[in-house]
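J.: My structure file structure_12.txt, compact mmCIF, C-alpha atoms, is below:
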# COMPACT_ATOMS: atom_id res chain seq x y z
CA MET B 1 8.21 -3.49 21.21
CA ARG B 2 6.89 -6.90 20.16
CA ILE B 3 6.30 -7.05 16.41
CA ALA B 4 4.49 -9.71 14.36
CA LEU B 5 5.32 -10.01 10.66
CA PHE B 6 2.54 -11.02 8.28
CA GLY B 7 4.43 -11.98 5.13
CA TYR B 8 8.02 -13.16 5.44
CA GLY B 9 9.41 -12.61 1.98
CA LYS B 10 12.32 -10.32 1.18
CA MET B 11 10.59 -7.28 2.64
CA GLY B 12 9.55 -9.10 5.80
CA GLN B 13 13.10 -10.31 6.33
CA MET B 14 14.48 -6.79 5.87
CA ILE B 15 11.92 -5.38 8.30
CA GLU B 16 12.95 -8.05 10.80
CA GLN B 17 16.62 -7.04 10.61
CA ILE B 18 15.89 -3.33 10.99
CA ALA B 19 13.48 -3.96 13.87
CA LEU B 20 16.03 -6.10 15.70
CA ASN B 21 18.71 -3.47 15.15
CA ARG B 22 16.39 -0.90 16.74
CA GLY B 23 15.89 -3.06 19.82
CA HIS B 24 12.53 -4.63 19.03
CA GLU B 25 11.45 -8.26 19.30
CA ILE B 26 9.92 -10.34 16.49
CA VAL B 27 7.27 -12.57 18.10
CA ALA B 28 5.69 -14.10 14.97
CA LYS B 29 6.51 -14.67 11.30
CA ILE B 30 3.36 -15.61 9.42
CA ASP B 31 3.92 -16.40 5.77
CA GLU B 32 0.69 -18.20 4.87
CA SER B 33 -2.95 -18.37 5.93
CA THR B 34 -3.36 -19.91 9.37
CA GLU B 35 -5.83 -19.66 12.22
CA ASP B 36 -3.23 -20.59 14.85
CA ILE B 37 -2.06 -17.08 15.74
CA ASN B 38 -1.45 -15.83 19.29
CA PHE B 39 -2.36 -12.16 19.06
CA SER B 40 -1.78 -11.63 22.78
CA THR B 41 2.00 -11.69 22.21
CA MET B 42 1.94 -8.73 19.79
CA ASP B 43 2.21 -5.00 20.41
CA VAL B 44 1.92 -4.26 16.68
CA ALA B 45 1.72 -6.14 13.37
CA ILE B 46 3.38 -5.27 10.07
CA ASP B 47 1.76 -6.73 6.94
CA PHE B 48 3.73 -7.18 3.72
CA SER B 49 1.86 -10.25 2.55
CA MET B 50 0.18 -11.23 -0.72
CA PRO B 51 -2.75 -9.12 -1.99
CA SER B 52 -5.11 -12.08 -1.48
CA ALA B 53 -4.12 -12.35 2.20
CA ALA B 54 -3.76 -8.70 3.21
CA TYR B 55 -7.39 -7.84 4.04
CA GLY B 56 -7.80 -10.98 6.12
CA ASN B 57 -4.60 -10.26 8.02
CA ILE B 58 -5.63 -6.67 8.68
CA THR B 59 -9.11 -7.57 9.91
CA LYS B 60 -7.76 -10.28 12.22
CA CYS B 61 -5.38 -7.81 13.80
CA ILE B 62 -8.04 -5.13 14.24
CA ASN B 63 -10.51 -7.65 15.70
CA ASN B 64 -7.85 -8.71 18.19
CA ASN B 65 -6.94 -5.14 19.20
CA VAL B 66 -3.52 -5.23 17.55
CA PRO B 67 -2.40 -2.05 15.72
CA VAL B 68 -1.52 -2.93 12.14
CA ILE B 69 0.75 -1.39 9.52
CA SER B 70 0.13 -2.57 5.94
CA GLY B 71 2.32 -2.00 2.90
CA THR B 72 0.73 -4.68 0.72
CA THR B 73 -0.69 -3.31 -2.53
CA GLY B 74 -3.35 -4.80 -4.80
CA TRP B 75 -6.09 -5.29 -2.17
CA LEU B 76 -7.55 -1.77 -2.01
CA ASP B 77 -11.05 -2.74 -3.16
CA ASP B 78 -11.48 -3.65 0.53
CA TYR B 79 -9.73 -0.59 1.97
CA GLU B 80 -12.90 1.26 3.00
CA ASN B 81 -14.14 -1.90 4.73
CA ALA B 82 -10.90 -2.02 6.72
CA VAL B 83 -11.30 1.65 7.64
CA SER B 84 -14.89 1.07 8.81
CA LEU B 85 -13.88 -1.93 10.89
CA CYS B 86 -11.00 -0.02 12.46
CA ASN B 87 -13.29 2.86 13.41
CA ASP B 88 -15.98 0.51 14.76
CA LYS B 89 -13.47 -1.42 16.87
CA LYS B 90 -11.54 1.71 17.90
CA GLY B 91 -8.41 0.12 16.50
CA ALA B 92 -5.29 1.57 14.92
CA PHE B 93 -4.33 1.15 11.26
CA ILE B 94 -1.93 2.62 8.72
CA TYR B 95 -1.86 1.71 5.05
CA ALA B 96 0.73 3.21 2.71
CA SER B 97 1.52 2.37 -0.89
CA ASN B 98 5.13 3.16 -0.01
CA PHE B 99 6.64 3.56 3.47
CA SER B 100 9.89 5.15 2.30
CA LEU B 101 10.36 8.41 4.17
CA GLY B 102 11.78 10.01 1.01
CA VAL B 103 8.86 8.84 -1.14
CA ASN B 104 6.37 10.36 1.28
CA ILE B 105 8.17 13.69 0.99
CA PHE B 106 8.00 13.14 -2.80
CA PHE B 107 4.22 12.64 -2.55
CA GLU B 108 3.91 16.07 -0.91
CA LEU B 109 6.17 17.67 -3.53
CA ASN B 110 4.10 16.04 -6.30
CA SER B 111 0.83 17.45 -4.95
CA TYR B 112 2.34 20.91 -4.50
CA LEU B 113 3.71 20.94 -8.04
CA ALA B 114 0.35 19.81 -9.41
CA LYS B 115 -1.34 22.75 -7.67
CA MET B 116 1.19 25.13 -9.23
CA MET B 117 0.62 23.67 -12.71
CA GLN B 118 -3.17 23.31 -12.69
CA ASN B 119 -3.80 26.58 -14.58
CA LEU B 120 -1.23 25.81 -17.27
CA PRO B 121 -3.07 23.48 -19.69
CA GLU B 122 -0.24 23.64 -22.23
CA TYR B 123 1.65 21.19 -20.02
CA LYS B 124 0.65 17.53 -20.32
CA VAL B 125 1.47 15.19 -17.45
CA GLU B 126 2.72 11.62 -17.59
CA LEU B 127 4.00 9.25 -14.93
CA GLU B 128 6.56 6.49 -15.30
CA GLU B 129 7.48 3.81 -12.78
CA ILE B 130 10.25 1.22 -13.04
CA HIS B 131 10.54 -1.82 -10.77
CA HIS B 132 12.22 -5.21 -10.57
CA THR B 133 10.82 -8.07 -12.63
CA GLN B 134 9.43 -9.86 -9.55
CA LYS B 135 6.94 -7.09 -8.77
CA LEU B 136 3.48 -8.54 -9.38
CA ASP B 137 1.22 -5.49 -9.73
CA ALA B 138 1.32 -2.75 -12.38
CA PRO B 139 1.18 0.13 -12.06
CA SER B 140 2.81 0.29 -8.65
CA GLY B 141 0.84 1.49 -5.66
CA THR B 142 3.27 4.39 -5.43
CA ALA B 143 2.51 5.42 -9.01
CA ILE B 144 -1.21 5.29 -8.29
CA THR B 145 -0.74 7.50 -5.22
CA LEU B 146 1.24 9.96 -7.33
CA ALA B 147 -1.47 9.92 -10.00
CA GLU B 148 -4.15 10.59 -7.40
CA GLY B 149 -2.10 13.54 -6.14
CA VAL B 150 -2.07 15.01 -9.64
CA ILE B 151 -5.74 14.24 -10.35
CA SER B 152 -6.95 15.90 -7.14
CA ASN B 153 -5.14 19.10 -8.14
CA SER B 154 -5.79 19.24 -11.90
CA ASN B 155 -8.39 18.74 -14.63
CA TYR B 156 -7.53 15.08 -15.07
CA LYS B 157 -10.40 12.77 -14.11
CA ALA B 158 -8.63 9.40 -13.95
CA TRP B 159 -5.40 7.55 -14.65
CA LYS B 160 -4.89 4.71 -17.09
CA LEU B 161 -2.04 2.34 -17.83
CA ASP B 162 -0.31 3.13 -21.15
CA HIS B 163 -3.04 5.47 -22.38
CA SER B 164 -3.61 9.20 -22.21
CA SER B 165 -6.29 11.70 -23.22
CA ASP B 166 -7.32 15.22 -22.23
CA GLU B 167 -8.92 13.80 -19.08
CA THR B 168 -6.81 10.67 -18.57
CA LEU B 169 -3.38 10.67 -16.97
CA LYS B 170 -1.01 8.11 -18.50
CA ILE B 171 1.08 5.80 -16.31
CA THR B 172 3.85 3.78 -17.94
CA SER B 173 5.09 0.72 -16.04
CA LYS B 174 8.41 -0.98 -16.75
CA ARG B 175 9.85 -4.14 -15.17
CA ILE B 176 13.64 -4.22 -15.43
CA GLY B 177 16.17 -6.40 -13.63
CA LYS B 178 16.43 -5.73 -9.90
CA VAL B 179 15.41 -2.06 -9.86
CA PRO B 180 14.06 -1.28 -6.34
CA GLY B 181 11.82 1.52 -7.59
CA THR B 182 12.07 4.67 -9.71
CA HIS B 183 9.15 7.10 -10.16
CA THR B 184 9.09 10.11 -12.47
CA VAL B 185 6.37 12.75 -12.92
CA ALA B 186 6.88 14.75 -16.11
CA TYR B 187 5.17 17.94 -17.31
CA ASP B 188 5.84 18.48 -21.03
CA SER B 189 4.97 21.42 -23.25
CA ILE B 190 6.14 22.49 -26.71
CA VAL B 191 8.76 24.79 -25.22
CA ASP B 192 10.09 22.93 -22.19
CA SER B 193 9.75 20.10 -19.69
CA ILE B 194 9.60 19.88 -15.89
CA GLN B 195 10.33 16.60 -14.10
CA ILE B 196 10.46 15.42 -10.52
CA LYS B 197 11.92 12.01 -9.79
CA HIS B 198 12.48 9.66 -6.87
CA THR B 199 14.99 6.83 -7.14
CA ALA B 200 15.28 4.16 -4.47
CA HIS B 201 18.81 2.78 -4.17
CA ASN B 202 17.66 -0.30 -2.21
CA ARG B 203 14.65 -1.58 -0.27
CA GLU B 204 15.93 -0.63 3.16
CA GLY B 205 14.12 2.71 3.02
CA PHE B 206 10.76 0.94 2.65
CA ALA B 207 11.49 -1.33 5.62
CA LEU B 208 12.76 1.51 7.83
CA GLY B 209 9.63 3.52 7.14
CA ALA B 210 7.38 0.60 8.09
CA VAL B 211 9.21 0.10 11.39
CA THR B 212 9.08 3.85 12.05
CA ALA B 213 5.29 3.77 11.48
CA ALA B 214 4.96 0.80 13.83
CA GLU B 215 6.84 2.67 16.54
CA TRP B 216 4.67 5.75 16.02
CA ILE B 217 1.26 4.04 16.14
CA ILE B 218 1.64 2.46 19.58
CA GLY B 219 -0.95 3.91 21.97
CA LYS B 220 -2.96 5.62 19.23
CA THR B 221 -6.50 5.00 17.97
CA GLY B 222 -7.69 5.68 14.44
CA VAL B 223 -6.82 5.37 10.77
CA PHE B 224 -3.62 7.18 9.86
CA SER B 225 -1.21 7.73 6.99
CA MET B 226 2.49 8.42 6.63
CA ARG B 227 1.60 12.12 6.53
CA ASP B 228 0.63 11.72 10.19
CA VAL B 229 3.75 9.74 11.04
CA LEU B 230 6.00 12.38 9.45
CA ASN B 231 3.88 15.32 10.68
CA LEU B 232 3.50 16.70 7.16
CA GLY B 233 0.28 18.57 7.90
Since I need it in another form, could you write the structure as structure tokens?
T.:
Amino acid sequence: MRIALFGYGKMGQMIEQIALNRGHEIVAKIDESTEDINFSTMDVAIDFSMPSAAYGNITKCINNNVPVISGTTGWLDDYENAVSLCNDKKGAFIYASNFSLGVNIFFELNSYLAKMMQNLPEYKVELEEIHHTQKLDAPSGTAITLAEGVISNSNYKAWKLDHSSDETLKITSKRIGKVPGTHTVAYDSIVDSIQIKHTAHNREGFALGAVTAAEWIIGKTGVFSMRDVLNLG
């Protein structure tokens, strides 16, 4: 499989190594805005670029009939436009806030727990995410996805950074050292607490998941998620 990398930072370099180890070929490494891109050499593109570049990268790929996997966060104001374009062009597109296979299982567990807890108002929910100091956005895209999983299965109406109310789910973001990513969802009452937690030991899980998604999407048409890739229902 011929893979193009949009964004060649630490994540792009890790994706490259995993892809090569799995027998794939890297045909392009695009780390800044350029119009000189040969899309005919690509079977699939993986985008881990800057938020300001992601939507442009995605639309170029879709317009050139190249399936695209995007793990860039911070550009989602344009997500529905990307979905519409993909459907219009009969392209193939996957966006995930986190491609880690374990995190996507954690997303499912989070939603299931929220359903179980929705009729127990004595429990208040809070989310915490911890990442390395180089992470630009806060809260993390993963934390937002977790919050949305709780909100869709509870009486909470929205999430907010560092603030909670009866209808607002609090997310706390911390930036510490070189932490790859730790996410905790906590249900607290006067009598006890319930927590679920995912801790990434390194970034390889994110890269492996992105390559797995790229392998899966070949030959498909539509807008998909990691739930489709992992056949989670």
J.: Considering only C-alpha atoms, can you say which of B:Thr199, B:Thr41, B:Ser52, B:Asn153 comes closest to Glu129 in chain B?
T.: B:Thr199
J.: Residues around (-6.7, -9.2, 5.0), cut-off 12 Å, counting all atoms listed in the file - what are they as number ranges by chain?
T.: B: 6-7, 32-33, 46-63, 68-79, 81-82, 85, 95
J.: Mind listing whatever residues come within 8 Å of the point (3.9, 5.2, 6.7)? Use only C-alpha atoms, file coordinates, and give them as a ChimeraX atom specification.
T.: /B:69,94-96,98-101,104,209-210,212-213,225-227,229-230
J.: So which one's closest to His183 in chain B, B:Pro139, B:Asp166, B:Ile151, B:Asn202? Using only C-alpha atoms, please.
T.: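 Among the listed residues, B:Pro139 lies closest to His183 in chain B.
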J.: May I have the residues within 7 Å of Val66 in chain B as a list of chain:residue names, using all atoms listed in the file and disregarding those fewer than 6 positions away in the same chain?
T.: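 So the residues in contact are B:Met42, B:Asp43, B:Val44, B:Ala45.
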J.: Suppose you want the space between CA of Leu109 in chain B and CA of Gln134 in chain B; what is it in Å?
T.: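 Pair CA of Leu109 in chain B / CA of Gln134 in chain B returns 28.4 Å.
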J.: Report the distance between CA of Phe206 in chain B and CA of Met14 in chain B in Å, rounded to one decimal place.
T.: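 Computing it gives 9.2 Å between the two atoms.
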J.: May I ask which of the residues B:Lys197, B:His132, B:Arg2, B:His163 is the closest one to Val179 in chain B, counting all atoms listed in the file?
T.: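 Of B:Lys197, B:His132, B:Arg2, B:His163, the one nearest Val179 in chain B, counting all atoms listed in the file, is B:His132.
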J.: Might you pull out every residue within 12 Å of His198 in chain B, with all atoms listed in the file counted and same-chain residues fewer than 4 positions away left off, and present them as a list in words?
T.: Asn98, Ser100, Leu101, Gly102, Val103, Asn104, Ile105, Phe106, Phe107, Leu109, Asn110, Leu127, Glu128, Glu129, Ile130, Thr142, Ala143, Leu146, Pro180, Gly181, Thr182, His183, Thr184, Val185 and Ala186 of chain B
J.: Select, from B:Asn155, B:Gln195, B:Ser173, B:Asn21, the residue with the minimum atom-to-atom distance to Lys135 in chain B, counting only C-alpha atoms.
T.: B:Ser173
J.: Which residue gives the smallest distance to Phe93 in chain B among B:Lys124, B:Lys170, B:Lys220, B:Lys29, with all atoms listed in the file counted?
T.: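 Among the listed residues, B:Lys220 lies closest to Phe93 in chain B.
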J.: Near Asn38 in chain B, counting all atoms listed in the file, which residues have an atom at most 10 Å away, once you skip same-chain residues fewer than 2 positions from it, shown as a PyMOL selection string?
T.: chain B and resi 4+27-28+35-36+40-42+64
J.: Pick from B:Lys174, B:Lys90, B:His131, B:Trp159: nearest to Ala200 in chain B, with all atoms listed in the file counted?
T.: B:His131
J.: At a cut-off of 9 Å, using all atoms listed in the file, what residues contact Ser154 in chain B? Leave out same-chain residues fewer than 5 positions from it and give the result as a PyMOL selection string.
T.: chain B and resi 114-115+117-119+149
J.: Have a look at CA of Ile3 in chain B and CA of His24 in chain B and let me know their distance in Å, one decimal.
T.: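 CA of His24 in chain B lies at a distance of 7.2 Å from CA of Ile3 in chain B.
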J.: Can you pull out the residues contacting Tyr8 in chain B? Cut-off 7 Å, using all atoms listed in the file, and skip same-chain residues under 5 positions away; I want them as a PDB file with C-alpha atoms, in the coordinates of the input.
T.:
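Output saved as out-v5.pdb:
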ATOM      1  CA  GLN B  13      13.100 -10.310   6.330  1.00  0.00           C
ATOM      2  CA  LYS B  29       6.510 -14.670  11.300  1.00  0.00           C
ATOM      3  CA  ILE B  30       3.360 -15.610   9.420  1.00  0.00           C
ATOM      4  CA  ASP B  31       3.920 -16.400   5.770  1.00  0.00           C
TER       5      ASP B  31
END
J.: Using the atoms already present, construct all heavy atoms for range 108-119 of chain B and hand them back as a PDB file, keeping the file's coordinate frame.
T.:
ATOM      1  N   GLU B 108       4.292  14.692  -1.242  1.00  0.00           N
ATOM      2  CA  GLU B 108       3.910  16.070  -0.910  1.00  0.00           C
ATOM      3  C   GLU B 108       4.391  17.027  -1.997  1.00  0.00           C
ATOM      4  O   GLU B 108       3.666  17.942  -2.405  1.00  0.00           O
ATOM      5  CB  GLU B 108       4.496  16.458   0.449  1.00  0.00           C
ATOM      6  CG  GLU B 108       3.938  15.673   1.618  1.00  0.00           C
ATOM      7  CD  GLU B 108       2.448  15.870   1.779  1.00  0.00           C
ATOM      8  OE1 GLU B 108       1.998  17.038   1.870  1.00  0.00           O
ATOM      9  OE2 GLU B 108       1.712  14.855   1.811  1.00  0.00           O
ATOM     10  N   LEU B 109       5.618  16.841  -2.460  1.00  0.00           N
ATOM     11  CA  LEU B 109       6.170  17.670  -3.530  1.00  0.00           C
ATOM     12  C   LEU B 109       5.338  17.536  -4.804  1.00  0.00           C
ATOM     13  O   LEU B 109       5.049  18.527  -5.493  1.00  0.00           O
ATOM     14  CB  LEU B 109       7.616  17.262  -3.792  1.00  0.00           C
ATOM     15  CG  LEU B 109       8.368  17.991  -4.913  1.00  0.00           C
ATOM     16  CD1 LEU B 109       8.459  19.484  -4.613  1.00  0.00           C
ATOM     17  CD2 LEU B 109       9.756  17.391  -5.080  1.00  0.00           C
ATOM     18  N   ASN B 110       4.922  16.307  -5.111  1.00  0.00           N
ATOM     19  CA  ASN B 110       4.100  16.040  -6.300  1.00  0.00           C
ATOM     20  C   ASN B 110       2.774  16.802  -6.237  1.00  0.00           C
ATOM     21  O   ASN B 110       2.359  17.431  -7.217  1.00  0.00           O
ATOM     22  CB  ASN B 110       3.853  14.538  -6.403  1.00  0.00           C
ATOM     23  CG  ASN B 110       2.874  14.163  -7.493  1.00  0.00           C
ATOM     24  OD1 ASN B 110       3.117  14.381  -8.672  1.00  0.00           O
ATOM     25  ND2 ASN B 110       1.745  13.594  -7.088  1.00  0.00           N
ATOM     26  N   SER B 111       2.114  16.755  -5.085  1.00  0.00           N
ATOM     27  CA  SER B 111       0.830  17.450  -4.950  1.00  0.00           C
ATOM     28  C   SER B 111       1.007  18.960  -5.044  1.00  0.00           C
ATOM     29  O   SER B 111       0.196  19.661  -5.668  1.00  0.00           O
ATOM     30  CB  SER B 111       0.181  17.079  -3.607  1.00  0.00           C
ATOM     31  OG  SER B 111      -0.172  15.710  -3.581  1.00  0.00           O
ATOM     32  N   TYR B 112       2.081  19.461  -4.457  1.00  0.00           N
ATOM     33  CA  TYR B 112       2.340  20.910  -4.500  1.00  0.00           C
ATOM     34  C   TYR B 112       2.625  21.367  -5.923  1.00  0.00           C
ATOM     35  O   TYR B 112       2.123  22.414  -6.368  1.00  0.00           O
ATOM     36  CB  TYR B 112       3.518  21.235  -3.577  1.00  0.00           C
ATOM     37  CG  TYR B 112       3.774  22.714  -3.425  1.00  0.00           C
ATOM     38  CD1 TYR B 112       2.875  23.523  -2.721  1.00  0.00           C
ATOM     39  CD2 TYR B 112       4.904  23.304  -3.981  1.00  0.00           C
ATOM     40  CE1 TYR B 112       3.106  24.887  -2.579  1.00  0.00           C
ATOM     41  CE2 TYR B 112       5.137  24.666  -3.853  1.00  0.00           C
ATOM     42  CZ  TYR B 112       4.236  25.453  -3.140  1.00  0.00           C
ATOM     43  OH  TYR B 112       4.460  26.793  -3.002  1.00  0.00           O
ATOM     44  N   LEU B 113       3.419  20.591  -6.653  1.00  0.00           N
ATOM     45  CA  LEU B 113       3.710  20.940  -8.040  1.00  0.00           C
ATOM     46  C   LEU B 113       2.441  20.899  -8.890  1.00  0.00           C
ATOM     47  O   LEU B 113       2.227  21.775  -9.745  1.00  0.00           O
ATOM     48  CB  LEU B 113       4.757  19.985  -8.619  1.00  0.00           C
ATOM     49  CG  LEU B 113       5.149  20.204 -10.091  1.00  0.00           C
ATOM     50  CD1 LEU B 113       5.692  21.615 -10.308  1.00  0.00           C
ATOM     51  CD2 LEU B 113       6.173  19.162 -10.529  1.00  0.00           C
ATOM     52  N   ALA B 114       1.596  19.898  -8.652  1.00  0.00           N
ATOM     53  CA  ALA B 114       0.350  19.810  -9.410  1.00  0.00           C
ATOM     54  C   ALA B 114      -0.535  21.032  -9.187  1.00  0.00           C
ATOM     55  O   ALA B 114      -1.161  21.542 -10.129  1.00  0.00           O
ATOM     56  CB  ALA B 114      -0.405  18.529  -9.017  1.00  0.00           C
ATOM     57  N   LYS B 115      -0.572  21.530  -7.954  1.00  0.00           N
ATOM     58  CA  LYS B 115      -1.340  22.750  -7.670  1.00  0.00           C
ATOM     59  C   LYS B 115      -0.774  23.938  -8.445  1.00  0.00           C
ATOM     60  O   LYS B 115      -1.519  24.767  -8.974  1.00  0.00           O
ATOM     61  CB  LYS B 115      -1.304  23.038  -6.168  1.00  0.00           C
ATOM     62  CG  LYS B 115      -2.089  22.068  -5.314  1.00  0.00           C
ATOM     63  CD  LYS B 115      -1.930  22.399  -3.840  1.00  0.00           C
ATOM     64  CE  LYS B 115      -2.612  21.354  -2.972  1.00  0.00           C
ATOM     65  NZ  LYS B 115      -2.395  21.618  -1.526  1.00  0.00           N
ATOM     66  N   MET B 116       0.555  24.023  -8.510  1.00  0.00           N
ATOM     67  CA  MET B 116       1.190  25.130  -9.230  1.00  0.00           C
ATOM     68  C   MET B 116       0.903  25.076 -10.728  1.00  0.00           C
ATOM     69  O   MET B 116       0.800  26.114 -11.390  1.00  0.00           O
ATOM     70  CB  MET B 116       2.704  25.095  -8.993  1.00  0.00           C
ATOM     71  CG  MET B 116       3.130  25.366  -7.565  1.00  0.00           C
ATOM     72  SD  MET B 116       4.920  25.160  -7.339  1.00  0.00           S
ATOM     73  CE  MET B 116       5.548  26.485  -8.356  1.00  0.00           C
ATOM     74  N   MET B 117       0.750  23.854 -11.259  1.00  0.00           N
ATOM     75  CA  MET B 117       0.620  23.670 -12.710  1.00  0.00           C
ATOM     76  C   MET B 117      -0.828  23.604 -13.189  1.00  0.00           C
ATOM     77  O   MET B 117      -1.054  23.562 -14.404  1.00  0.00           O
ATOM     78  CB  MET B 117       1.331  22.375 -13.118  1.00  0.00           C
ATOM     79  CG  MET B 117       2.811  22.311 -12.754  1.00  0.00           C
ATOM     80  SD  MET B 117       3.809  23.572 -13.590  1.00  0.00           S
ATOM     81  CE  MET B 117       3.741  22.970 -15.280  1.00  0.00           C
ATOM     82  N   GLN B 118      -1.791  23.616 -12.287  1.00  0.00           N
ATOM     83  CA  GLN B 118      -3.170  23.310 -12.690  1.00  0.00           C
ATOM     84  C   GLN B 118      -3.777  24.332 -13.645  1.00  0.00           C
ATOM     85  O   GLN B 118      -4.708  24.021 -14.389  1.00  0.00           O
ATOM     86  CB  GLN B 118      -4.062  23.140 -11.449  1.00  0.00           C
ATOM     87  CG  GLN B 118      -4.215  24.377 -10.597  1.00  0.00           C
ATOM     88  CD  GLN B 118      -5.066  24.101  -9.365  1.00  0.00           C
ATOM     89  OE1 GLN B 118      -5.712  23.066  -9.254  1.00  0.00           O
ATOM     90  NE2 GLN B 118      -5.083  25.026  -8.427  1.00  0.00           N
ATOM     91  N   ASN B 119      -3.269  25.561 -13.663  1.00  0.00           N
ATOM     92  CA  ASN B 119      -3.800  26.580 -14.580  1.00  0.00           C
ATOM     93  C   ASN B 119      -2.917  26.767 -15.811  1.00  0.00           C
ATOM     94  O   ASN B 119      -2.993  27.805 -16.485  1.00  0.00           O
ATOM     95  CB  ASN B 119      -3.962  27.907 -13.835  1.00  0.00           C
ATOM     96  CG  ASN B 119      -5.031  27.829 -12.761  1.00  0.00           C
ATOM     97  OD1 ASN B 119      -6.080  27.207 -12.957  1.00  0.00           O
ATOM     98  ND2 ASN B 119      -4.762  28.436 -11.622  1.00  0.00           N
TER      99      ASN B 119
END
